[in-house]
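Chemist: Sharing a structure with you now.
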Amino acid sequence: MFFTAGKYQYGHRTVAYRSDYCLSCDDNTVSVQQRTFDVLQVYYVPVLPLGFRKHWHCTRCRKNPHARVKTSQGIKILGLGVFSLFAAMTWLLPFKNSDDAEAVWGLRIGSGCLVALFATLILFHKRGSSMTLSERREALPRFTPTHCLFCGEPFNATAQSCAECQVEYL
Ligand SMILES: [Zn+2]
Ligand SMILES: [Zn+2]
C-alpha cells in the first residue's frame, strides 16, 4: 500500500496582475497573482488546513516567473572544467614513437579547441544576462491594460485596481 500525501490548492482567486520578467520565458511578461486555500491531504482526505497563500504565475508559461531556471551555464562550466582537465592530461601523456606523437598531438589540439569553445560560450552567455532580475523588473513600466484581464471591463490606468472586480494592477 502506498502512501499519498500532498498539498492541494482550493479556491483559486485572481487578485492581481503586474509587469514581470519571467526567468522561464527569459522575456518580459505579465504575471498573475492568485490566492488559494492550501490544505494538506493524506489519502485524498484533507487533514491540515495551511491557510490562504498567494502565488505568482507567468501568464505565458504558467510557471513561477522567478523560479530559478537551471541554465545551461552550469553545464558549460562543467564542460570547461572536464575538458581543461582532459587537455592538461594530454600534455602529461608520454609517447615513445612518432605514431603515438600524432595521436597525442591530435588529442592535445582537439581538447584545446573544446576548452576554447566552452570558454567562448561562457563569456557570450555572461554578456547576455548582465542585468539582475530586480534591475529588469524596475525597468518595466507598470502593467495597465485598456481592459481588465479578469472581468473584461474598461480599466482606468490611474486606478490601482479594477473598479468592477477589485483585481489589482501593480
Ligand atoms: Zn513565463
Ligand atoms: Zn476587473
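Ordering of the C-alpha cells sets the chain letters (A, B, ...), residue numbers begin anew at 1 in every chain, and ligands are numbered from 1 in the order given.
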Would you name the residues within 8 Å of ligand 2, counting only C-alpha atoms and all ligand atoms, and put them as a PyMOL selection string?

Modeler: chain A and resi 147-155+161-167

Chemist: So that I have them on file, write out the residues from the current selection with N, CA and C atoms, as a compact mmCIF listing (two decimals), in the first residue's frame.

Modeler:
```txt
# COMPACT_ATOMS: atom_id res chain seq x y z
N HIS A 147 -8.37 47.08 -20.91
CA HIS A 147 -9.50 46.38 -20.30
C HIS A 147 -8.97 45.40 -19.25
N CYS A 148 -9.70 45.23 -18.19
CA CYS A 148 -9.32 44.32 -17.12
C CYS A 148 -9.19 42.90 -17.68
N LEU A 149 -8.07 42.27 -17.41
CA LEU A 149 -7.84 40.92 -17.92
C LEU A 149 -8.77 39.90 -17.27
N PHE A 150 -9.25 40.23 -16.11
CA PHE A 150 -10.06 39.26 -15.37
C PHE A 150 -11.54 39.35 -15.74
N CYS A 151 -12.10 40.57 -15.72
CA CYS A 151 -13.54 40.69 -15.95
C CYS A 151 -13.87 41.34 -17.30
N GLY A 152 -12.87 41.92 -17.97
CA GLY A 152 -13.11 42.49 -19.30
C GLY A 152 -13.67 43.90 -19.30
N GLU A 153 -13.88 44.49 -18.13
CA GLU A 153 -14.40 45.86 -18.06
C GLU A 153 -13.28 46.85 -18.40
N PRO A 154 -13.61 48.03 -18.97
CA PRO A 154 -12.57 49.02 -19.25
C PRO A 154 -11.81 49.36 -17.96
N PHE A 155 -10.48 49.49 -18.08
CA PHE A 155 -9.66 49.75 -16.91
C PHE A 155 -9.12 51.17 -16.93
N SER A 161 -6.69 49.45 -8.88
CA SER A 161 -7.38 48.18 -9.10
C SER A 161 -8.61 48.37 -9.95
N CYS A 162 -9.12 47.30 -10.51
CA CYS A 162 -10.32 47.34 -11.36
C CYS A 162 -11.54 47.71 -10.52
N ALA A 163 -12.27 48.70 -11.00
CA ALA A 163 -13.45 49.17 -10.24
C ALA A 163 -14.53 48.08 -10.19
N GLU A 164 -14.51 47.21 -11.15
CA GLU A 164 -15.55 46.19 -11.26
C GLU A 164 -15.28 44.96 -10.37
N CYS A 165 -14.08 44.38 -10.52
CA CYS A 165 -13.81 43.10 -9.84
C CYS A 165 -12.76 43.22 -8.72
N GLN A 166 -12.17 44.41 -8.54
CA GLN A 166 -11.18 44.70 -7.49
C GLN A 166 -9.83 44.02 -7.71
N VAL A 167 -9.62 43.42 -8.88
CA VAL A 167 -8.31 42.83 -9.17
C VAL A 167 -7.30 43.98 -9.28
```

Chemist: Give me, as a list in words, the set of residues whose atoms come within 8 Å of any atom of ligand 1, counting only C-alpha atoms and all ligand atoms.

Modeler: Tyr21, Cys22, Leu23, Ser24, Cys25, Asp26, Asp27, Thr29, His57, Cys58, Thr59, Arg60, Cys61, Arg62, Lys63, Asn64 and Pro65 of chain A

Chemist: Produce a file of the selected residues containing C-alpha atoms, as a JSON list (two decimals), in the first residue's frame.

Modeler:
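Written file, selection-v8.json:
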```json
[["chain", "number", "residue", "atom", "x", "y", "z"],
["A", 21, "TYR", "CA", 10.30, 39.38, -16.09],
["A", 22, "CYS", "CA", 9.83, 35.62, -16.38],
["A", 23, "LEU", "CA", 13.01, 33.59, -15.96],
["A", 24, "SER", "CA", 11.44, 30.55, -17.67],
["A", 25, "CYS", "CA", 10.33, 32.56, -20.72],
["A", 26, "ASP", "CA", 13.51, 34.70, -20.48],
["A", 27, "ASP", "CA", 11.34, 37.63, -21.52],
["A", 29, "THR", "CA", 5.74, 39.05, -19.49],
["A", 57, "HIS", "CA", 2.30, 32.77, -12.20],
["A", 58, "CYS", "CA", 3.55, 33.87, -15.60],
["A", 59, "THR", "CA", 0.51, 34.31, -17.88],
["A", 60, "ARG", "CA", 2.52, 32.89, -20.79],
["A", 61, "CYS", "CA", 4.07, 29.71, -19.36],
["A", 62, "ARG", "CA", 2.03, 29.37, -16.12],
["A", 63, "LYS", "CA", 5.20, 28.82, -14.08],
["A", 64, "ASN", "CA", 6.50, 30.83, -11.14],
["A", 65, "PRO", "CA", 8.19, 33.69, -13.04]]
```

Chemist: Pick out the closest residue to Thr120 (chain A) from this set: A:Pro145, A:Gly106, A:Gly79, A:Pro94. Count only C-alpha atoms.

Modeler: A:Gly79

Chemist: Could you jot down the CA of Thr36 (chain A) to CA of Pro141 (chain A) separation for me, Å, one decimal place?

Modeler: 27.5 Å

Chemist: Between A:Gln73, A:Arg18, A:Val32, A:Gln9, which residue has the minimum interatomic distance to Phe124 (chain A), considering only C-alpha atoms?

Modeler: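 Looking at the shortest contact to Phe124 (chain A), the residue is A:Gln73.
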
Chemist: When distances are computed from only C-alpha atoms, which of A:Phe118, A:Trp56, A:Tyr8, A:Tyr43 shows the smallest separation from Leu78 (chain A)?

Modeler: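 Going through A:Phe118, A:Trp56, A:Tyr8, A:Tyr43 one by one, the smallest distance to Leu78 (chain A) is for A:Phe118.
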
Chemist: Restricting the calculation to only C-alpha atoms, which member of A:Ser84, A:Leu170, A:Ser134, A:Leu123 is positioned closest to Ser111 (chain A)?

Modeler: A:Ser84

Chemist: With distances taken over only C-alpha atoms, which of A:Gly110, A:Leu85, A:Thr158, A:Ala5 is nearest to Leu48 (chain A)?

Modeler: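 The answer is A:Ala5, which sits nearest to Leu48 (chain A).
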
Chemist: One number please: CA of Arg35 (chain A) to CA of His12 (chain A), in Å, one decimal.

Modeler: 5.8 Å
